[in-house]
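Here is model09.cif, consisting of mmCIF, C-alpha atoms:
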```cif
data_query
loop_
_atom_site.label_atom_id
_atom_site.label_comp_id
_atom_site.auth_asym_id
_atom_site.auth_seq_id
_atom_site.Cartn_x
_atom_site.Cartn_y
_atom_site.Cartn_z
CA MET A 126 12.05 -9.74 11.30
CA THR A 127 10.03 -12.82 12.15
CA ALA A 128 6.27 -13.17 12.01
CA PRO A 129 4.54 -12.85 15.40
CA LEU A 130 2.91 -15.86 17.02
CA GLY A 131 -0.12 -13.86 18.15
CA PRO A 132 -1.92 -10.80 16.76
CA THR A 133 0.20 -8.23 14.94
CA ARG A 134 1.22 -5.56 17.46
CA ILE A 135 0.96 -2.09 15.88
CA LEU A 136 2.23 1.35 16.89
CA ILE A 137 0.43 4.31 15.28
CA ALA A 138 2.40 7.52 14.68
CA ASP A 139 0.31 10.45 13.43
CA ASP A 140 -0.04 14.01 14.70
CA GLN A 141 -3.83 14.06 14.21
CA GLU A 142 -5.80 12.53 17.05
CA ASP A 143 -8.83 11.77 14.87
CA VAL A 144 -6.65 9.86 12.41
CA ARG A 145 -5.08 7.81 15.20
CA SER A 146 -8.52 7.09 16.59
CA GLY A 147 -9.81 6.01 13.18
CA PHE A 148 -6.83 3.73 12.57
CA ARG A 149 -7.19 2.26 16.05
CA LEU A 150 -10.85 1.39 15.39
CA ILE A 151 -10.11 -0.12 11.97
CA LEU A 152 -7.14 -2.20 13.06
CA GLY A 153 -8.60 -3.13 16.44
CA SER A 154 -11.62 -4.63 14.68
CA GLN A 155 -9.39 -7.28 13.10
CA PRO A 156 -8.84 -10.46 15.11
CA ASP A 157 -5.21 -10.69 13.99
CA MET A 158 -4.23 -7.12 14.89
CA THR A 159 -3.88 -5.07 18.07
CA VAL A 160 -2.75 -1.48 18.66
CA VAL A 161 -0.16 -1.33 21.43
CA GLY A 162 0.73 2.37 21.34
CA GLU A 163 0.19 5.79 19.77
CA ALA A 164 2.43 8.79 19.20
CA ALA A 165 1.62 12.33 18.06
CA ASP A 166 5.17 13.18 16.96
CA GLY A 167 8.11 11.41 15.40
CA LEU A 168 10.51 11.50 18.33
CA THR A 169 7.96 9.97 20.68
CA ALA A 170 7.20 7.35 18.04
CA VAL A 171 10.86 6.32 17.79
CA ASP A 172 11.17 6.09 21.58
CA LEU A 173 7.96 4.05 21.88
CA ALA A 174 8.98 1.78 19.01
CA ARG A 175 12.29 0.99 20.70
CA THR A 176 10.58 0.42 24.05
CA LEU A 177 7.49 -1.53 22.94
CA ARG A 178 9.10 -3.37 20.00
CA PRO A 179 5.86 -3.54 17.97
CA ASP A 180 5.62 -5.81 14.95
CA LEU A 181 4.72 -2.84 12.74
CA VAL A 182 4.82 0.96 12.91
CA LEU A 183 2.27 3.00 10.95
CA ALA A 184 3.92 6.36 10.24
CA ASP A 185 2.61 9.59 8.77
CA ILE A 186 5.02 11.70 6.69
CA ARG A 187 4.56 15.14 8.22
CA MET A 188 4.83 15.12 12.01
CA PRO A 189 6.39 17.54 14.50
CA GLY A 190 9.79 16.78 15.95
CA LEU A 191 10.72 14.13 13.41
CA ASP A 192 9.02 13.41 10.09
CA GLY A 193 7.98 9.97 8.90
CA LEU A 194 10.87 9.66 6.46
CA GLU A 195 13.50 10.18 9.17
CA LEU A 196 11.52 7.89 11.48
CA THR A 197 11.67 5.22 8.76
CA ARG A 198 15.44 5.69 8.40
CA ARG A 199 15.98 5.34 12.14
CA LEU A 200 13.81 2.26 12.58
CA ALA A 201 14.16 0.42 9.26
CA GLY A 202 16.93 2.05 7.26
CA PRO A 203 20.23 0.65 6.03
CA GLY A 204 22.58 -0.09 8.88
CA VAL A 205 19.89 -0.42 11.55
CA PRO A 206 20.99 -3.49 13.54
CA ASP A 207 17.48 -4.74 14.36
CA PRO A 208 15.15 -3.15 11.78
CA MET A 209 11.41 -2.87 12.26
CA ARG A 210 8.59 -2.91 9.76
CA VAL A 211 7.42 0.63 8.96
CA LEU A 212 4.34 1.20 6.83
CA VAL A 213 3.95 4.80 5.67
CA VAL A 214 0.33 6.01 5.62
CA THR A 215 -0.02 9.62 4.56
CA THR A 216 -1.97 12.28 2.70
CA PHE A 217 1.06 13.27 0.64
CA ASP A 218 1.91 11.18 -2.42
CA HIS A 219 4.87 13.09 -3.86
CA ASP A 220 7.15 10.79 -5.85
CA ASP A 221 10.18 11.94 -3.84
CA TYR A 222 8.47 10.86 -0.61
CA VAL A 223 7.60 7.46 -2.06
CA ARG A 224 11.14 6.82 -3.31
CA ALA A 225 12.76 8.02 -0.08
CA ALA A 226 10.48 5.92 2.12
CA LEU A 227 10.99 2.74 0.10
CA ARG A 228 14.74 3.34 -0.23
CA ASP A 229 15.04 3.67 3.53
CA GLY A 230 13.23 0.49 4.39
CA ALA A 231 9.48 1.20 4.41
CA CYS A 232 7.45 -1.94 3.76
CA GLY A 233 4.68 -0.07 1.98
CA PHE A 234 3.32 3.37 1.11
CA LEU A 235 -0.42 3.97 1.44
CA LEU A 236 -2.58 7.05 1.04
CA LYS A 237 -5.08 7.79 3.78
CA ARG A 238 -7.80 8.26 1.20
CA SER A 239 -7.33 4.69 -0.04
CA GLY A 240 -9.71 3.48 2.67
CA PRO A 241 -9.76 0.96 5.53
CA GLY A 242 -9.67 -2.12 3.30
CA LEU A 243 -6.31 -1.23 1.79
CA LEU A 244 -4.93 -0.27 5.21
CA ILE A 245 -5.72 -3.73 6.54
CA GLU A 246 -4.36 -5.33 3.38
CA GLY A 247 -1.20 -3.24 3.69
CA VAL A 248 -0.57 -4.39 7.26
CA ARG A 249 -1.06 -8.04 6.34
CA ALA A 250 1.14 -7.68 3.27
CA ALA A 251 3.92 -6.15 5.35
CA MET A 252 3.72 -8.95 7.88
CA ALA A 253 3.91 -11.50 5.06
CA GLY A 254 7.09 -9.90 3.76
CA ASP A 255 5.32 -8.27 0.84
CA MET A 256 5.10 -4.59 -0.08
CA LEU A 257 1.90 -2.73 -0.89
CA ILE A 258 1.69 0.70 -2.52
CA SER A 259 -1.59 2.57 -3.03
CA PRO A 260 -2.89 1.92 -6.55
CA GLN A 261 -3.07 5.64 -7.31
CA ILE A 262 0.68 5.95 -6.76
CA THR A 263 1.45 2.72 -8.58
CA VAL A 264 -0.42 3.85 -11.69
CA ARG A 265 1.58 7.07 -11.86
CA LEU A 266 4.94 5.40 -11.32
CA LEU A 267 4.26 2.58 -13.77
CA ARG A 268 3.16 4.94 -16.52
CA ASN A 269 6.66 6.36 -16.51
CA LEU A 270 8.16 2.88 -16.83
CA ALA A 271 5.77 1.14 -19.20
CA PRO A 272 7.41 -0.04 -22.44
CA ALA A 273 5.69 0.03 -25.80
CA PRO A 274 3.71 -3.17 -26.42
CA ALA A 275 5.53 -5.82 -28.46
CA ALA A 276 4.61 -6.16 -32.12
CA ALA A 277 3.38 -9.71 -31.55
CA PRO A 278 2.43 -10.01 -27.87
CA ALA A 279 2.15 -13.43 -26.29
CA PRO A 280 -1.41 -14.73 -25.84
CA SER A 281 -2.94 -13.50 -22.61
CA PRO A 282 -3.68 -16.13 -19.94
CA LEU A 283 -6.75 -14.10 -18.97
CA THR A 284 -10.32 -14.29 -20.18
CA ALA A 285 -11.86 -11.19 -21.73
CA ARG A 286 -13.58 -10.33 -18.44
CA GLU A 287 -10.35 -10.85 -16.47
CA GLN A 288 -8.52 -8.56 -18.88
CA GLU A 289 -11.11 -5.87 -18.15
CA ILE A 290 -10.58 -6.41 -14.45
CA ALA A 291 -6.77 -6.25 -14.76
CA ARG A 292 -7.00 -3.06 -16.81
CA LEU A 293 -9.16 -1.40 -14.14
CA VAL A 294 -6.83 -2.53 -11.36
CA ALA A 295 -4.01 -0.86 -13.31
CA GLU A 296 -6.07 2.33 -13.36
CA GLY A 297 -6.13 2.23 -9.55
CA LEU A 298 -9.80 1.41 -9.05
CA THR A 299 -11.00 -0.27 -5.86
CA ASN A 300 -13.15 -3.42 -5.83
CA ALA A 301 -16.27 -1.32 -5.32
CA GLU A 302 -15.37 1.02 -8.18
CA ILE A 303 -14.63 -1.93 -10.48
CA GLY A 304 -18.00 -3.40 -9.54
CA GLU A 305 -19.78 -0.15 -10.40
CA ARG A 306 -17.95 0.13 -13.71
CA LEU A 307 -18.73 -3.45 -14.78
CA PHE A 308 -22.15 -3.78 -13.09
CA ILE A 309 -21.01 -6.58 -10.78
CA THR A 310 -20.74 -6.81 -7.01
CA ALA A 311 -17.57 -5.87 -5.16
CA GLY A 312 -17.35 -9.49 -4.03
CA THR A 313 -17.44 -10.73 -7.62
CA ALA A 314 -14.75 -8.20 -8.54
CA LYS A 315 -12.63 -9.50 -5.66
CA THR A 316 -13.02 -13.07 -6.92
CA HIS A 317 -11.98 -12.05 -10.45
CA ILE A 318 -8.95 -10.20 -9.04
CA ALA A 319 -7.89 -13.32 -7.11
CA ASN A 320 -8.13 -15.35 -10.33
CA VAL A 321 -6.11 -12.75 -12.25
CA GLN A 322 -3.51 -12.66 -9.50
CA ALA A 323 -3.09 -16.44 -9.67
CA LYS A 324 -2.88 -16.55 -13.47
CA VAL A 325 -0.28 -13.80 -13.85
CA LYS A 326 1.58 -14.92 -10.71
CA ALA A 327 1.22 -11.52 -9.05
CA ARG A 328 1.63 -11.18 -5.29
CA ASN A 329 -0.94 -8.39 -4.96
CA ARG A 330 -2.78 -5.63 -6.83
CA VAL A 331 0.48 -3.80 -7.45
CA GLY A 332 1.76 -6.88 -9.26
CA ILE A 333 -1.39 -7.04 -11.39
CA ALA A 334 -0.97 -3.38 -12.33
CA ALA A 335 2.70 -3.92 -13.20
CA TRP A 336 1.85 -6.95 -15.35
CA SER A 337 -0.87 -4.97 -17.14
CA TRP A 338 1.53 -2.16 -18.05
CA GLU A 339 4.40 -4.48 -18.96
CA THR A 340 2.24 -6.48 -21.36
CA GLY A 341 0.58 -3.44 -22.90
CA LEU A 342 -2.85 -4.40 -21.57
CA ALA A 343 -3.01 -1.04 -19.82
CA GLY A 344 -1.79 2.09 -21.49
CA PRO A 345 -2.35 5.81 -21.90
CA ALA A 346 -5.76 6.87 -23.08
CA PRO A 347 -5.78 7.57 -26.83
CA ARG A 348 -5.50 11.21 -27.80
CA GLU A 349 -8.40 12.92 -29.51
#
```

For this file, produce the structure as structure tokens.
Amino acid sequence: MTAPLGPTRILIADDQEDVRSGFRLILGSQPDMTVVGEAADGLTAVDLARTLRPDLVLADIRMPGLDGLELTRRLAGPGVPDPMRVLVVTTFDHDDYVRAALRDGACGFLLKRSGPGLLIEGVRAAMAGDMLISPQITVRLLRNLAPAPAAAPAPSPLTAREQEIARLVAEGLTNAEIGERLFITAGTAKTHIANVQAKVKARNRVGIAAWSWETGLAGPAPRE
């Protein structure tokens, strides 16, 4: 899968017309993205994907005819001779869905409620060869994997403010929510996140969250 020379060509697969319309408006507003097709069911989406050869397919999980997980297997799964990028965008965040989608080649798993900013970020991440998962899902999965902090942890490369930011990213907060929590603007929160990302060598917010849990910076809330 090579990066396109022009705008990213996107196929939207979702059985709800209002969702497709919303995605089309969000993605079409970006100068580096264009929507080349829409499908209201999985079978049509697979046919259109093979005909149009988009750079990326946005796929819902629950669709008539063929669900998003099977669509992912057919377009991006193991053994597919010319796999496509499939980004799952859904209301349903069951762990089994997440694991199945990623196992079968999805290049990201986003929740519809995560908002337009993360959708755009997810598309760009997929095109860059990265993988983005909604912070809400990441937090839940990482909590099950987080080790106990070391007895003598290495000094953090982050300032006190950056540690606060990293901890809130690990909780799944958006830039706006971080800004509200710390009484700063969303733009300032975004700048801090970029600095944290560079210092801990994370590729995206998921990487920051993983680093926070691995180092013990983030952890379960203390019991009363």

Spatial sel., origin (4.7, 18.3, 19.9), limit 9 Å, all atoms listed in the file, listed as JSON, numbers by chain: {"A": [140, 165, 166, 167, 169, 188, 189, 190]}

Could you save those same residues with C-alpha atoms as a tab-separated table (two decimals), in the coordinates of the input?
```
chain	number	residue	atom	x	y	z
A	140	ASP	CA	-0.04	14.01	14.70
A	165	ALA	CA	1.62	12.33	18.06
A	166	ASP	CA	5.17	13.18	16.96
A	167	GLY	CA	8.11	11.41	15.40
A	169	THR	CA	7.96	9.97	20.68
A	188	MET	CA	4.83	15.12	12.01
A	189	PRO	CA	6.39	17.54	14.50
A	190	GLY	CA	9.79	16.78	15.95
```

Asp185 of chain A: which residues within 10 Å, counting all atoms listed in the file, same-chain residues fewer than 4 positions away excluded, as a PDB file with C-alpha atoms, in the frame of the given file?
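Once everything was written out, this is result30.pdb:
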```pdb
ATOM      1  CA  ILE A 137       0.430   4.310  15.280  1.00  0.00           C
ATOM      2  CA  ALA A 138       2.400   7.520  14.680  1.00  0.00           C
ATOM      3  CA  ASP A 139       0.310  10.450  13.430  1.00  0.00           C
ATOM      4  CA  ASP A 140      -0.040  14.010  14.700  1.00  0.00           C
ATOM      5  CA  GLN A 141      -3.830  14.060  14.210  1.00  0.00           C
ATOM      6  CA  VAL A 144      -6.650   9.860  12.410  1.00  0.00           C
ATOM      7  CA  ALA A 165       1.620  12.330  18.060  1.00  0.00           C
ATOM      8  CA  ASP A 166       5.170  13.180  16.960  1.00  0.00           C
ATOM      9  CA  GLY A 167       8.110  11.410  15.400  1.00  0.00           C
ATOM     10  CA  ASP A 192       9.020  13.410  10.090  1.00  0.00           C
ATOM     11  CA  GLY A 193       7.980   9.970   8.900  1.00  0.00           C
ATOM     12  CA  LEU A 194      10.870   9.660   6.460  1.00  0.00           C
ATOM     13  CA  LEU A 196      11.520   7.890  11.480  1.00  0.00           C
ATOM     14  CA  LEU A 212       4.340   1.200   6.830  1.00  0.00           C
ATOM     15  CA  VAL A 213       3.950   4.800   5.670  1.00  0.00           C
ATOM     16  CA  VAL A 214       0.330   6.010   5.620  1.00  0.00           C
ATOM     17  CA  THR A 215      -0.020   9.620   4.560  1.00  0.00           C
ATOM     18  CA  THR A 216      -1.970  12.280   2.700  1.00  0.00           C
ATOM     19  CA  PHE A 217       1.060  13.270   0.640  1.00  0.00           C
ATOM     20  CA  PHE A 234       3.320   3.370   1.110  1.00  0.00           C
ATOM     21  CA  LEU A 235      -0.420   3.970   1.440  1.00  0.00           C
ATOM     22  CA  LEU A 236      -2.580   7.050   1.040  1.00  0.00           C
ATOM     23  CA  LYS A 237      -5.080   7.790   3.780  1.00  0.00           C
TER      24      LYS A 237
END
```

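The two atoms in question, atom CA of Val248 of chain A and atom CA of Glu195 of chain A, are spaced 20.3 Å apart.
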
Straight-line distance linking atom CA of Gln261 of chain A with atom CA of Gly240 of chain A, stated in Å to one decimal: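 Interatomic distance here is 12.2 Å.
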
Taking all atoms listed in the file into account, produce a table as a Markdown table in which each residue of segment 278-300 of chain A with an atom at most 8 Å from an atom of segment 314-324 of chain A appears once, together with its shortest atom pair and the distance in Å to one decimal, ordered by chain and rising number.
```
| residue | atom | partner | partner_atom | distance |
| --- | --- | --- | --- | --- |
| A:Pro282 | CA | A:Lys324 | CA | 6.5 |
| A:Leu283 | CA | A:Val321 | CA | 6.9 |
| A:Glu287 | CA | A:Val321 | CA | 6.3 |
| A:Ile290 | CA | A:Ile318 | CA | 6.8 |
| A:Ala291 | CA | A:Val321 | CA | 7.0 |
| A:Asn300 | CA | A:Ala314 | CA | 5.7 |
```

Quick one: apply the PyMOL selection byres ((chain A and resi 156-163) around 10) to the file and drop the selected residues here as a VMD selection string. chain A and resid 131 to 140 142 145 to 146 148 to 155 164 to 166 169 to 170 173 to 174 177 to 183 245 248 to 249

Mind writing the picked residues with C-alpha atoms as a PDB file, keeping the file's coordinate frame?
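To be explicit, this is the file written out as result.pdb:
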```pdb
ATOM      1  CA  GLY A 131      -0.120 -13.860  18.150  1.00  0.00           C
ATOM      2  CA  PRO A 132      -1.920 -10.800  16.760  1.00  0.00           C
ATOM      3  CA  THR A 133       0.200  -8.230  14.940  1.00  0.00           C
ATOM      4  CA  ARG A 134       1.220  -5.560  17.460  1.00  0.00           C
ATOM      5  CA  ILE A 135       0.960  -2.090  15.880  1.00  0.00           C
ATOM      6  CA  LEU A 136       2.230   1.350  16.890  1.00  0.00           C
ATOM      7  CA  ILE A 137       0.430   4.310  15.280  1.00  0.00           C
ATOM      8  CA  ALA A 138       2.400   7.520  14.680  1.00  0.00           C
ATOM      9  CA  ASP A 139       0.310  10.450  13.430  1.00  0.00           C
ATOM     10  CA  ASP A 140      -0.040  14.010  14.700  1.00  0.00           C
ATOM     11  CA  GLU A 142      -5.800  12.530  17.050  1.00  0.00           C
ATOM     12  CA  ARG A 145      -5.080   7.810  15.200  1.00  0.00           C
ATOM     13  CA  SER A 146      -8.520   7.090  16.590  1.00  0.00           C
ATOM     14  CA  PHE A 148      -6.830   3.730  12.570  1.00  0.00           C
ATOM     15  CA  ARG A 149      -7.190   2.260  16.050  1.00  0.00           C
ATOM     16  CA  LEU A 150     -10.850   1.390  15.390  1.00  0.00           C
ATOM     17  CA  ILE A 151     -10.110  -0.120  11.970  1.00  0.00           C
ATOM     18  CA  LEU A 152      -7.140  -2.200  13.060  1.00  0.00           C
ATOM     19  CA  GLY A 153      -8.600  -3.130  16.440  1.00  0.00           C
ATOM     20  CA  SER A 154     -11.620  -4.630  14.680  1.00  0.00           C
ATOM     21  CA  GLN A 155      -9.390  -7.280  13.100  1.00  0.00           C
ATOM     22  CA  ALA A 164       2.430   8.790  19.200  1.00  0.00           C
ATOM     23  CA  ALA A 165       1.620  12.330  18.060  1.00  0.00           C
ATOM     24  CA  ASP A 166       5.170  13.180  16.960  1.00  0.00           C
ATOM     25  CA  THR A 169       7.960   9.970  20.680  1.00  0.00           C
ATOM     26  CA  ALA A 170       7.200   7.350  18.040  1.00  0.00           C
ATOM     27  CA  LEU A 173       7.960   4.050  21.880  1.00  0.00           C
ATOM     28  CA  ALA A 174       8.980   1.780  19.010  1.00  0.00           C
ATOM     29  CA  LEU A 177       7.490  -1.530  22.940  1.00  0.00           C
ATOM     30  CA  ARG A 178       9.100  -3.370  20.000  1.00  0.00           C
ATOM     31  CA  PRO A 179       5.860  -3.540  17.970  1.00  0.00           C
ATOM     32  CA  ASP A 180       5.620  -5.810  14.950  1.00  0.00           C
ATOM     33  CA  LEU A 181       4.720  -2.840  12.740  1.00  0.00           C
ATOM     34  CA  VAL A 182       4.820   0.960  12.910  1.00  0.00           C
ATOM     35  CA  LEU A 183       2.270   3.000  10.950  1.00  0.00           C
ATOM     36  CA  ILE A 245      -5.720  -3.730   6.540  1.00  0.00           C
ATOM     37  CA  VAL A 248      -0.570  -4.390   7.260  1.00  0.00           C
ATOM     38  CA  ARG A 249      -1.060  -8.040   6.340  1.00  0.00           C
TER      39      ARG A 249
END
```

Which residues, named as in the file, does the PyMOL selection byres ((chain A and resi 301) around 9) pick out? Answer as a VMD selection string. chain A and resid 298 to 300 302 to 306 309 to 312 314 to 315

Atom CA of Thr197 of chain A to atom CA of Thr176 of chain A, straight-line distance in Å: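 Rounded to one decimal, the two atoms are 16.1 Å apart.
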
Given the file shown, determine the residues that the PyMOL selection byres ((chain A and resi 229) around 6) selects; report them as number ranges by chain. A: 198, 202, 226-228, 230

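The shortest atom-to-atom distance to Pro241 of chain A, with all atoms listed in the file taken into account, belongs to A:Ser259 out of A:Thr284, A:Glu296, A:Arg210, A:Ser259.
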